[in-house]
Structure formats: structure tokens, C-alpha cells
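*Asks:* Here you go, start_25.txt (compact mmCIF, N, CA and C atoms and all ligand atoms):
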```
# COMPACT_ATOMS: atom_id res chain seq x y z
N MET H 16 -51.13 49.01 -1.51
CA MET H 16 -50.64 48.86 -0.14
C MET H 16 -51.71 49.37 0.82
N ASN H 17 -52.08 48.50 1.73
CA ASN H 17 -53.09 48.93 2.69
C ASN H 17 -52.42 49.57 3.91
N ARG H 18 -53.24 49.98 4.86
CA ARG H 18 -52.72 50.74 6.00
C ARG H 18 -51.79 49.89 6.87
N ARG H 19 -52.18 48.63 7.10
CA ARG H 19 -51.34 47.77 7.94
C ARG H 19 -49.97 47.54 7.31
N THR H 20 -49.96 47.31 5.99
CA THR H 20 -48.69 47.11 5.29
C THR H 20 -47.83 48.36 5.38
N ALA H 21 -48.47 49.52 5.23
CA ALA H 21 -47.72 50.78 5.30
C ALA H 21 -47.13 50.99 6.70
N ILE H 22 -47.90 50.67 7.72
CA ILE H 22 -47.40 50.84 9.10
C ILE H 22 -46.25 49.88 9.37
N ALA H 23 -46.39 48.62 8.93
CA ALA H 23 -45.32 47.64 9.15
C ALA H 23 -44.06 48.04 8.38
N THR H 24 -44.24 48.56 7.17
CA THR H 24 -43.08 48.99 6.38
C THR H 24 -42.38 50.17 7.04
N LEU H 25 -43.16 51.11 7.50
CA LEU H 25 -42.59 52.28 8.18
C LEU H 25 -41.86 51.87 9.46
N ALA H 26 -42.44 50.95 10.21
CA ALA H 26 -41.79 50.47 11.43
C ALA H 26 -40.50 49.72 11.10
N THR H 27 -40.51 48.98 10.01
CA THR H 27 -39.30 48.25 9.59
C THR H 27 -38.17 49.22 9.26
N VAL H 28 -38.51 50.24 8.49
CA VAL H 28 -37.48 51.23 8.11
C VAL H 28 -36.95 51.94 9.36
N THR H 29 -37.85 52.28 10.28
CA THR H 29 -37.43 52.96 11.51
C THR H 29 -36.52 52.07 12.35
N LEU H 30 -36.89 50.79 12.47
CA LEU H 30 -36.05 49.87 13.24
C LEU H 30 -34.69 49.65 12.58
N LEU H 31 -34.67 49.60 11.25
CA LEU H 31 -33.38 49.44 10.57
C LEU H 31 -32.51 50.68 10.78
N ALA H 32 -33.13 51.85 10.74
CA ALA H 32 -32.37 53.07 11.01
C ALA H 32 -31.82 53.07 12.43
N ALA H 33 -32.62 52.61 13.37
CA ALA H 33 -32.16 52.52 14.76
C ALA H 33 -31.05 51.48 14.89
N ALA H 34 -31.14 50.38 14.12
CA ALA H 34 -30.09 49.36 14.16
C ALA H 34 -28.78 49.91 13.63
N VAL H 35 -28.86 50.69 12.55
CA VAL H 35 -27.65 51.31 11.99
C VAL H 35 -27.03 52.25 13.03
N GLN H 36 -27.87 53.02 13.67
CA GLN H 36 -27.39 53.97 14.68
C GLN H 36 -26.73 53.21 15.85
N ALA H 37 -27.36 52.09 16.25
CA ALA H 37 -26.77 51.30 17.34
C ALA H 37 -25.44 50.69 16.91
N GLY H 38 -25.34 50.31 15.63
CA GLY H 38 -24.07 49.77 15.12
C GLY H 38 -22.97 50.82 15.13
N ARG H 39 -23.34 52.06 14.85
CA ARG H 39 -22.34 53.14 14.85
C ARG H 39 -21.79 53.40 16.25
N THR H 40 -22.61 53.13 17.25
CA THR H 40 -22.14 53.33 18.63
C THR H 40 -21.57 52.05 19.23
N ASP H 41 -21.31 51.07 18.38
CA ASP H 41 -20.72 49.79 18.78
C ASP H 41 -21.59 49.01 19.77
N ASP H 42 -22.89 49.23 19.74
CA ASP H 42 -23.80 48.44 20.57
C ASP H 42 -24.36 47.33 19.68
N TRP H 43 -23.58 46.31 19.45
CA TRP H 43 -23.93 45.26 18.47
C TRP H 43 -25.07 44.39 18.94
N ARG H 44 -25.18 44.24 20.23
CA ARG H 44 -26.30 43.44 20.74
C ARG H 44 -27.63 44.11 20.42
N LEU H 45 -27.72 45.41 20.66
CA LEU H 45 -28.94 46.16 20.34
C LEU H 45 -29.16 46.22 18.83
N ALA H 46 -28.09 46.40 18.09
CA ALA H 46 -28.21 46.47 16.62
C ALA H 46 -28.72 45.15 16.06
N THR H 47 -28.23 44.04 16.58
CA THR H 47 -28.69 42.73 16.12
C THR H 47 -30.16 42.52 16.47
N THR H 48 -30.52 42.87 17.69
CA THR H 48 -31.92 42.72 18.10
C THR H 48 -32.85 43.57 17.23
N LEU H 49 -32.47 44.81 16.99
CA LEU H 49 -33.30 45.69 16.16
C LEU H 49 -33.39 45.16 14.72
N THR H 50 -32.30 44.62 14.22
CA THR H 50 -32.31 44.08 12.86
C THR H 50 -33.24 42.87 12.76
N VAL H 51 -33.17 41.99 13.76
CA VAL H 51 -34.03 40.79 13.75
C VAL H 51 -35.51 41.21 13.80
N VAL H 52 -35.83 42.16 14.68
CA VAL H 52 -37.22 42.62 14.78
C VAL H 52 -37.65 43.29 13.47
N ALA H 53 -36.75 44.05 12.87
CA ALA H 53 -37.07 44.70 11.60
C ALA H 53 -37.33 43.67 10.51
N LEU H 54 -36.53 42.60 10.49
CA LEU H 54 -36.75 41.56 9.49
C LEU H 54 -38.09 40.85 9.72
N LEU H 55 -38.43 40.61 10.98
CA LEU H 55 -39.73 39.99 11.27
C LEU H 55 -40.88 40.89 10.81
N LEU H 56 -40.72 42.17 11.04
CA LEU H 56 -41.76 43.10 10.58
C LEU H 56 -41.83 43.16 9.06
N ALA H 57 -40.67 43.06 8.40
CA ALA H 57 -40.66 43.05 6.93
C ALA H 57 -41.39 41.83 6.41
N VAL H 58 -41.16 40.68 7.05
CA VAL H 58 -41.88 39.46 6.65
C VAL H 58 -43.38 39.65 6.85
N GLN H 59 -43.76 40.24 7.98
CA GLN H 59 -45.17 40.49 8.26
C GLN H 59 -45.77 41.45 7.23
N ALA H 60 -45.03 42.49 6.86
CA ALA H 60 -45.53 43.44 5.86
C ALA H 60 -45.73 42.75 4.52
N HIS H 61 -44.78 41.90 4.15
CA HIS H 61 -44.91 41.17 2.88
C HIS H 61 -46.11 40.23 2.93
N HIS H 62 -46.27 39.53 4.03
CA HIS H 62 -47.40 38.62 4.18
C HIS H 62 -48.73 39.38 4.09
N GLU H 63 -48.79 40.52 4.75
CA GLU H 63 -50.00 41.34 4.72
C GLU H 63 -50.31 41.83 3.30
N HIS H 64 -49.26 42.22 2.60
CA HIS H 64 -49.44 42.69 1.23
C HIS H 64 -49.97 41.56 0.34
N GLN H 65 -49.39 40.37 0.47
CA GLN H 65 -49.84 39.23 -0.34
C GLN H 65 -51.27 38.85 0.01
N THR H 66 -51.61 38.88 1.29
CA THR H 66 -52.97 38.54 1.70
C THR H 66 -53.97 39.53 1.11
N THR H 67 -53.63 40.79 1.14
CA THR H 67 -54.52 41.80 0.57
C THR H 67 -54.70 41.58 -0.93
N ARG H 68 -53.61 41.27 -1.61
CA ARG H 68 -53.71 41.03 -3.06
C ARG H 68 -54.59 39.81 -3.35
N LEU H 69 -54.40 38.75 -2.56
CA LEU H 69 -55.20 37.54 -2.78
C LEU H 69 -56.68 37.79 -2.47
N ARG H 70 -56.95 38.54 -1.40
CA ARG H 70 -58.35 38.86 -1.07
C ARG H 70 -58.99 39.66 -2.19
N THR H 71 -58.27 40.63 -2.70
CA THR H 71 -58.80 41.45 -3.79
C THR H 71 -59.08 40.60 -5.02
N ALA H 72 -58.14 39.72 -5.36
CA ALA H 72 -58.34 38.85 -6.52
C ALA H 72 -59.52 37.91 -6.30
N LEU H 73 -59.67 37.42 -5.08
CA LEU H 73 -60.78 36.52 -4.77
C LEU H 73 -62.12 37.24 -4.89
N VAL H 74 -62.19 38.45 -4.38
CA VAL H 74 -63.44 39.21 -4.47
C VAL H 74 -63.78 39.51 -5.92
N GLN H 75 -62.77 39.87 -6.71
CA GLN H 75 -63.03 40.16 -8.12
C GLN H 75 -63.49 38.91 -8.87
N ALA H 76 -62.85 37.77 -8.58
CA ALA H 76 -63.25 36.52 -9.24
C ALA H 76 -64.66 36.12 -8.83
N ASP H 77 -65.00 36.33 -7.55
CA ASP H 77 -66.34 36.00 -7.07
C ASP H 77 -67.38 36.89 -7.74
N ARG H 78 -67.09 38.17 -7.86
CA ARG H 78 -68.03 39.07 -8.53
C ARG H 78 -68.24 38.68 -9.99
N LYS H 79 -67.13 38.32 -10.65
CA LYS H 79 -67.22 37.94 -12.05
C LYS H 79 -68.03 36.65 -12.21
N ALA H 80 -67.76 35.67 -11.32
CA ALA H 80 -68.50 34.40 -11.39
C ALA H 80 -69.98 34.61 -11.11
N ARG H 81 -70.28 35.48 -10.14
CA ARG H 81 -71.68 35.76 -9.81
C ARG H 81 -72.39 36.43 -10.99
N ALA H 82 -71.71 37.37 -11.62
CA ALA H 82 -72.30 38.03 -12.79
C ALA H 82 -72.51 37.03 -13.93
N THR H 83 -71.56 36.11 -14.10
CA THR H 83 -71.70 35.10 -15.15
C THR H 83 -72.87 34.17 -14.84
N ARG H 84 -73.00 33.76 -13.57
CA ARG H 84 -74.13 32.88 -13.19
C ARG H 84 -75.46 33.58 -13.43
N LEU H 85 -75.54 34.84 -13.04
CA LEU H 85 -76.79 35.57 -13.24
C LEU H 85 -77.11 35.70 -14.72
N GLN H 86 -76.07 35.94 -15.53
CA GLN H 86 -76.29 36.08 -16.97
C GLN H 86 -76.74 34.75 -17.56
N ARG H 87 -76.13 33.64 -17.09
CA ARG H 87 -76.53 32.32 -17.60
C ARG H 87 -77.98 32.00 -17.23
N ARG H 88 -78.34 32.34 -15.99
CA ARG H 88 -79.73 32.10 -15.59
C ARG H 88 -80.68 32.92 -16.45
N ALA H 89 -80.30 34.16 -16.70
CA ALA H 89 -81.17 35.02 -17.51
C ALA H 89 -81.27 34.49 -18.93
N ASP H 90 -80.15 33.95 -19.44
CA ASP H 90 -80.18 33.41 -20.80
C ASP H 90 -80.93 32.09 -20.87
N ALA H 91 -80.77 31.26 -19.84
CA ALA H 91 -81.34 29.91 -19.88
C ALA H 91 -82.86 29.93 -19.69
N ALA H 92 -83.33 30.79 -18.85
CA ALA H 92 -84.76 30.80 -18.56
C ALA H 92 -85.34 32.20 -18.81
N PRO H 93 -85.62 32.48 -20.05
CA PRO H 93 -86.18 33.80 -20.33
C PRO H 93 -87.55 33.93 -19.66
N LEU H 94 -87.81 35.09 -19.19
CA LEU H 94 -89.06 35.33 -18.50
C LEU H 94 -90.20 35.40 -19.50
N THR H 95 -91.09 34.45 -19.38
CA THR H 95 -92.24 34.45 -20.28
C THR H 95 -93.50 34.43 -19.43
N LEU H 96 -94.34 35.34 -19.67
CA LEU H 96 -95.61 35.38 -18.97
C LEU H 96 -96.70 35.03 -19.97
N GLU H 97 -97.24 33.86 -19.78
CA GLU H 97 -98.30 33.43 -20.68
C GLU H 97 -99.58 33.28 -19.87
N TRP H 98 -100.63 33.64 -20.46
CA TRP H 98 -101.90 33.56 -19.78
C TRP H 98 -102.41 32.12 -19.82
N CYS H 99 -102.69 31.60 -18.66
CA CYS H 99 -103.34 30.30 -18.59
C CYS H 99 -104.77 30.60 -18.17
N CYS H 100 -105.38 29.69 -17.46
CA CYS H 100 -106.73 29.96 -17.00
C CYS H 100 -106.69 30.81 -15.72
N GLU H 101 -107.83 31.37 -15.40
CA GLU H 101 -107.87 32.26 -14.25
C GLU H 101 -107.63 31.51 -12.94
N GLN H 102 -108.16 30.28 -12.88
CA GLN H 102 -107.96 29.48 -11.67
C GLN H 102 -106.48 29.19 -11.42
N TRP H 103 -105.73 29.02 -12.51
CA TRP H 103 -104.29 28.74 -12.41
C TRP H 103 -103.57 29.93 -11.78
N TRP H 104 -103.93 31.13 -12.22
CA TRP H 104 -103.32 32.33 -11.66
C TRP H 104 -103.70 32.52 -10.20
N LEU H 105 -104.95 32.26 -9.89
CA LEU H 105 -105.41 32.47 -8.50
C LEU H 105 -104.85 31.43 -7.54
N SER H 106 -104.52 30.24 -8.06
CA SER H 106 -104.00 29.19 -7.18
C SER H 106 -102.47 29.12 -7.24
N ALA H 107 -101.84 30.13 -7.78
CA ALA H 107 -100.37 30.17 -7.89
C ALA H 107 -99.84 28.97 -8.67
N GLY H 108 -100.52 28.60 -9.73
CA GLY H 108 -100.03 27.57 -10.63
C GLY H 108 -100.32 26.15 -10.21
N ARG H 109 -101.25 25.92 -9.28
CA ARG H 109 -101.50 24.55 -8.82
C ARG H 109 -102.76 23.93 -9.45
N VAL H 110 -103.76 24.73 -9.72
CA VAL H 110 -105.06 24.20 -10.15
C VAL H 110 -105.44 24.86 -11.49
N HIS H 111 -105.93 24.06 -12.41
CA HIS H 111 -106.44 24.58 -13.69
C HIS H 111 -107.95 24.43 -13.70
N GLU H 112 -108.57 25.24 -14.54
CA GLU H 112 -110.01 25.06 -14.76
C GLU H 112 -110.21 23.81 -15.61
N ASP H 113 -111.41 23.27 -15.57
CA ASP H 113 -111.67 22.02 -16.28
C ASP H 113 -111.52 22.16 -17.79
N ASP H 114 -111.83 23.33 -18.31
CA ASP H 114 -111.74 23.50 -19.76
C ASP H 114 -110.44 24.18 -20.19
N CYS H 115 -109.42 24.14 -19.34
CA CYS H 115 -108.15 24.80 -19.65
C CYS H 115 -107.39 24.00 -20.72
N THR H 116 -106.90 24.69 -21.71
CA THR H 116 -106.19 23.99 -22.79
C THR H 116 -104.84 23.44 -22.30
N THR H 117 -104.19 24.13 -21.39
CA THR H 117 -102.92 23.64 -20.85
C THR H 117 -103.13 22.34 -20.10
N LEU H 118 -104.21 22.27 -19.33
CA LEU H 118 -104.52 21.06 -18.60
C LEU H 118 -104.79 19.92 -19.56
N ARG H 119 -105.54 20.19 -20.62
CA ARG H 119 -105.83 19.14 -21.60
C ARG H 119 -104.57 18.67 -22.29
N GLN H 120 -103.68 19.62 -22.60
CA GLN H 120 -102.43 19.23 -23.26
C GLN H 120 -101.55 18.39 -22.34
N SER H 121 -101.48 18.76 -21.05
CA SER H 121 -100.65 17.98 -20.12
C SER H 121 -101.25 16.60 -19.91
N ARG H 122 -102.59 16.47 -19.93
CA ARG H 122 -103.22 15.15 -19.77
C ARG H 122 -102.96 14.29 -20.98
N SER H 123 -102.97 14.92 -22.15
CA SER H 123 -102.75 14.13 -23.37
C SER H 123 -101.30 13.65 -23.47
N ARG H 124 -100.34 14.41 -22.85
CA ARG H 124 -98.94 13.99 -22.87
C ARG H 124 -98.66 12.91 -21.83
N THR H 125 -99.45 12.88 -20.75
CA THR H 125 -99.23 11.89 -19.70
C THR H 125 -99.78 10.54 -20.13
N PRO H 126 -98.98 9.48 -20.04
CA PRO H 126 -99.48 8.16 -20.48
C PRO H 126 -100.51 7.57 -19.55
ZN ZN A 201 -104.93 26.54 -16.82
```
How does the structure come out when it is put into C-alpha cells?

*Replies:*
Amino acid sequence: MNRRTAIATLATVTLLAAAVQAGRTDDWRLATTLTVVALLLAVQAHHEHQTTRLRTALVQADRKARATRLQRRADAAPLTLEWCCEQWWLSAGRVHEDDCTTLRQSRSRTP
């Protein structure tokens, strides 16, 4: 129960107590009005409680899905650092040296 739900619940109970007191003094119009307002607040408290529960479940599901995605990425693409030629490292993977074995292998695979 969050703070808003607690406040709405407390206000509902207070209004119902006031409605009972108004009924004891035969002020039925006031008692009816207080009861209606108390019921509206009870509906609001219930709605707030459900919204909080759904938000919490959504955040937990999102965290779980994010952790699963990160784990899948880590499993699918293991980090491998292999030494290519020096030119490849200096050019951020765009250019190979002429005698690079990786370059020769990629050329031999290309039709
Ligand atoms: Zn290379």
C-alpha cells in the first residue's frame, strides 16, 4: 500500500464514521452525502492500489526482460579479441595491410 492509497483509505474510514454519526442524529441527507463521497474515495483507493501493483509488476517484468536480453547478447556474441594487422587496428577495422592473412582470406571467399 502506497501513501496515496493509505490516505484515501483513511479518509474513507473517517467519512464513513462521520456518516454513521450523521445517521445517529437523523441527518440522513448529510449521512447519504458522506457515504457517497466515502464510496467514491474507496473506489479511488482501490484503483490506486491496483495501479501501483501493475506498475510494480511492469517494472519487474521489464528488468527481467532486460537482463535476459543482455544475457542473450553476451551468449550470442562472445567477446573475442583477435590480432589482425596493425593497419586494421589503427583504422578501426576499415583497412588491412596488403599482406594481411584476413584480407587474403576474405578475398578468396568473395567470388
Ligand atoms: Zn588485417

*Asks:* Dump the neighbourhood of ligand ZN 201 (chain A) as a compact mmCIF listing (two decimals) with N, CA and C atoms, keeping the file's coordinate frame: all residues within 10 Å, distances computed on only C-alpha atoms and all ligand atoms.

*Replies:*
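What follows is the written file out-v8.txt:
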```txt
# COMPACT_ATOMS: atom_id res chain seq x y z
N TRP H 98 -100.63 33.64 -20.46
CA TRP H 98 -101.90 33.56 -19.78
C TRP H 98 -102.41 32.12 -19.82
N CYS H 99 -102.69 31.60 -18.66
CA CYS H 99 -103.34 30.30 -18.59
C CYS H 99 -104.77 30.60 -18.17
N CYS H 100 -105.38 29.69 -17.46
CA CYS H 100 -106.73 29.96 -17.00
C CYS H 100 -106.69 30.81 -15.72
N GLU H 101 -107.83 31.37 -15.40
CA GLU H 101 -107.87 32.26 -14.25
C GLU H 101 -107.63 31.51 -12.94
N GLN H 102 -108.16 30.28 -12.88
CA GLN H 102 -107.96 29.48 -11.67
C GLN H 102 -106.48 29.19 -11.42
N TRP H 103 -105.73 29.02 -12.51
CA TRP H 103 -104.29 28.74 -12.41
C TRP H 103 -103.57 29.93 -11.78
N TRP H 104 -103.93 31.13 -12.22
CA TRP H 104 -103.32 32.33 -11.66
C TRP H 104 -103.70 32.52 -10.20
N GLY H 108 -100.52 28.60 -9.73
CA GLY H 108 -100.03 27.57 -10.63
C GLY H 108 -100.32 26.15 -10.21
N ARG H 109 -101.25 25.92 -9.28
CA ARG H 109 -101.50 24.55 -8.82
C ARG H 109 -102.76 23.93 -9.45
N VAL H 110 -103.76 24.73 -9.72
CA VAL H 110 -105.06 24.20 -10.15
C VAL H 110 -105.44 24.86 -11.49
N HIS H 111 -105.93 24.06 -12.41
CA HIS H 111 -106.44 24.58 -13.69
C HIS H 111 -107.95 24.43 -13.70
N GLU H 112 -108.57 25.24 -14.54
CA GLU H 112 -110.01 25.06 -14.76
C GLU H 112 -110.21 23.81 -15.61
N ASP H 113 -111.41 23.27 -15.57
CA ASP H 113 -111.67 22.02 -16.28
C ASP H 113 -111.52 22.16 -17.79
N ASP H 114 -111.83 23.33 -18.31
CA ASP H 114 -111.74 23.50 -19.76
C ASP H 114 -110.44 24.18 -20.19
N CYS H 115 -109.42 24.14 -19.34
CA CYS H 115 -108.15 24.80 -19.65
C CYS H 115 -107.39 24.00 -20.72
N THR H 116 -106.90 24.69 -21.71
CA THR H 116 -106.19 23.99 -22.79
C THR H 116 -104.84 23.44 -22.30
N THR H 117 -104.19 24.13 -21.39
CA THR H 117 -102.92 23.64 -20.85
C THR H 117 -103.13 22.34 -20.10
N LEU H 118 -104.21 22.27 -19.33
CA LEU H 118 -104.52 21.06 -18.60
C LEU H 118 -104.79 19.92 -19.56
N ARG H 119 -105.54 20.19 -20.62
CA ARG H 119 -105.83 19.14 -21.60
C ARG H 119 -104.57 18.67 -22.29
```

*Asks:* Need the shell around Ala46 of chain H: protein/DNA/RNA residues with any atom at most 8 Å away, counting all atoms listed in the file. Skip same-chain ones fewer than 5 positions apart. Format as a PDB file with N, CA and C atoms, keeping the file's coordinate frame?

*Replies:*
```pdb
ATOM      1  N   ALA H  33     -32.620  52.610  13.370  1.00  0.00           N
ATOM      2  CA  ALA H  33     -32.160  52.520  14.760  1.00  0.00           C
ATOM      3  C   ALA H  33     -31.050  51.480  14.890  1.00  0.00           C
ATOM      4  N   ALA H  34     -31.140  50.380  14.120  1.00  0.00           N
ATOM      5  CA  ALA H  34     -30.090  49.360  14.160  1.00  0.00           C
ATOM      6  C   ALA H  34     -28.780  49.910  13.630  1.00  0.00           C
ATOM      7  N   VAL H  35     -28.860  50.690  12.550  1.00  0.00           N
ATOM      8  CA  VAL H  35     -27.650  51.310  11.990  1.00  0.00           C
ATOM      9  C   VAL H  35     -27.030  52.250  13.030  1.00  0.00           C
ATOM     10  N   GLN H  36     -27.870  53.020  13.670  1.00  0.00           N
ATOM     11  CA  GLN H  36     -27.390  53.970  14.680  1.00  0.00           C
ATOM     12  C   GLN H  36     -26.730  53.210  15.850  1.00  0.00           C
ATOM     13  N   ALA H  37     -27.360  52.090  16.250  1.00  0.00           N
ATOM     14  CA  ALA H  37     -26.770  51.300  17.340  1.00  0.00           C
ATOM     15  C   ALA H  37     -25.440  50.690  16.910  1.00  0.00           C
ATOM     16  N   GLY H  38     -25.340  50.310  15.630  1.00  0.00           N
ATOM     17  CA  GLY H  38     -24.070  49.770  15.120  1.00  0.00           C
ATOM     18  C   GLY H  38     -22.970  50.820  15.130  1.00  0.00           C
ATOM     19  N   ARG H  39     -23.340  52.060  14.850  1.00  0.00           N
ATOM     20  CA  ARG H  39     -22.340  53.140  14.850  1.00  0.00           C
ATOM     21  C   ARG H  39     -21.790  53.400  16.250  1.00  0.00           C
ATOM     22  N   ASP H  41     -21.310  51.070  18.380  1.00  0.00           N
ATOM     23  CA  ASP H  41     -20.720  49.790  18.780  1.00  0.00           C
ATOM     24  C   ASP H  41     -21.590  49.010  19.770  1.00  0.00           C
ATOM     25  N   VAL H  51     -33.170  41.990  13.760  1.00  0.00           N
ATOM     26  CA  VAL H  51     -34.030  40.790  13.750  1.00  0.00           C
ATOM     27  C   VAL H  51     -35.510  41.210  13.800  1.00  0.00           C
ATOM     28  N   VAL H  52     -35.830  42.160  14.680  1.00  0.00           N
ATOM     29  CA  VAL H  52     -37.220  42.620  14.780  1.00  0.00           C
ATOM     30  C   VAL H  52     -37.650  43.290  13.470  1.00  0.00           C
TER      31      VAL H  52
END
```

*Asks:* What does the distance between atom CA of Ala32 of chain H and atom C of Thr47 of chain H come to in Å, to one decimal place?

*Replies:*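 Taking atom CA of Ala32 of chain H and atom C of Thr47 of chain H, their separation equals 12.1 Å.
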
*Asks:* Mind giving me the straight-line distance from atom CA of Val28 of chain H to atom N of Arg70 of chain H in Å, one decimal?

*Replies:*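 Here the two named atoms are 25.1 Å from each other.
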
*Asks:* Mind listing whatever residues come within 10 Å of the point (-46.0, 47.4, 13.9)? Use only C-alpha atoms, file coordinates, and give them as a list in words.

*Replies:* Arg19, Thr20, Ala21, Ile22, Ala23, Thr24, Leu25, Ala26, Thr27, Ala53, Leu56, Ala57, Gln59 and Ala60 of chain H

*Asks:* One number please: atom C of Leu30 of chain H to atom N of Trp43 of chain H, in Å, one decimal.

*Replies:*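 According to the coordinates, atom C of Leu30 of chain H and atom N of Trp43 of chain H are separated by 13.5 Å.
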
*Asks:* Kindly provide, as JSON, the centre and edge lengths (Å, one decimal) of an axis-aligned box around all atoms of segment 107-124 of chain H given in the file, with 5 Å on each side.

*Replies:*
```
{"center_x": -105.2, "center_y": 21.5, "center_z": -15.6, "size_x": 23.2, "size_y": 27.3, "size_z": 25.7}
```
